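Have a look at the structure below before the remarks.
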Amino acid sequence: MQVRMTANKEELWPVIVRGVFGRCPRCGQGKLFQSYLKQVDACASCGEKLGYIRADDGPAWLTILLVGHILAPFFLSVLPHVDWPDWIIMAVIMSFTLVLTLWLLPRSKGVFIGLIWRSGCIGSEK
């Protein structure tokens with residue numbers, strides 16, 4: 001069985017921005033997720049099928065990369081200048097890390113779904 005992949009003609013940056021905002025990569029109107037990380041089977045606005053796209057570990061990788069690069073300079077420049085007990089510093093670090101991770105993860109998944117959709121890749125299960 002031969003499978004053809006056809007790339008979509010959409011511009012790259014609009015697809016990325018739509019993914020960040022959790023919108024359909026094709027029309028930008030319909031929601032991309034039905035819950036926190038569960039993507040819809042098809043766009044409610046344009047009908048584009050999106051359920052077959054599997055982002056796998058890409059969003060987790062991107063989230064870890066971004067969280068590390070955002071928080072490390074902040075912690076290395078701010079924390080040496082405060083005189084807080086160790087338990088407060090650990091609570092602050094864990095809180096910032098958790099909040100930023102939970103905020104970035106669905107946005108990262110939206111970007112990966114948009115990029116996979118744009119490239120025309122089909123799921124390996126097809």
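Just so we're on the same page: first chain in the structure tokens is A, next is B, and so on; residues restart at 1 for each chain, and ligands are numbered from 1 in the order they show up.
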
Which parts of segment 28-81 of chain A does DSSP call helix (DSSP H, G or I) when run on the backbone here, written out as a list in words?
-> Gly58, Pro59, Ala60, Trp61, Leu62, Thr63, Ile64, Leu65, Leu66, Val67, Gly68, His69, Ile70, Leu71, Ala72, Pro73, Phe74, Phe75, Leu76, Ser77, Val78, Leu79, Pro80 and His81 of chain A

Under the rule of at most 12 Å, produce a per-residue listing of segment 19-46 of chain A near segment 54-65 of chain A: chain, number, name, the closest pair of atoms, and the distance in Å, as CSV, using only C-alpha atoms.
```
residue,atom,partner,partner_atom,distance
A:Gly19,CA,A:Pro59,CA,11.5
A:Val20,CA,A:Pro59,CA,11.5
A:Leu37,CA,A:Pro59,CA,10.4
A:Lys38,CA,A:Arg54,CA,10.8
A:Gln39,CA,A:Arg54,CA,9.6
A:Val40,CA,A:Arg54,CA,11.9
A:Asp41,CA,A:Arg54,CA,11.6
```

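Pairwise distance (atom CA of Cys24 of chain A, atom CA of Cys43 of chain A) equals 6.3 Å.
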
Atom-to-atom span, atom CA of Val92 of chain A and atom CA of Leu105 of chain A, Å |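 Interatomic distance here is 19.9 Å.
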
Would you kindly return, as an MDAnalysis selection string, each protein, DNA or RNA residue with an atom no farther than 8 Å from any atom of Ile16 of chain A, considering only C-alpha atoms and excluding same-chain residues fewer than 5 positions away?
-> chainID A and resid 25 110:111 114:115
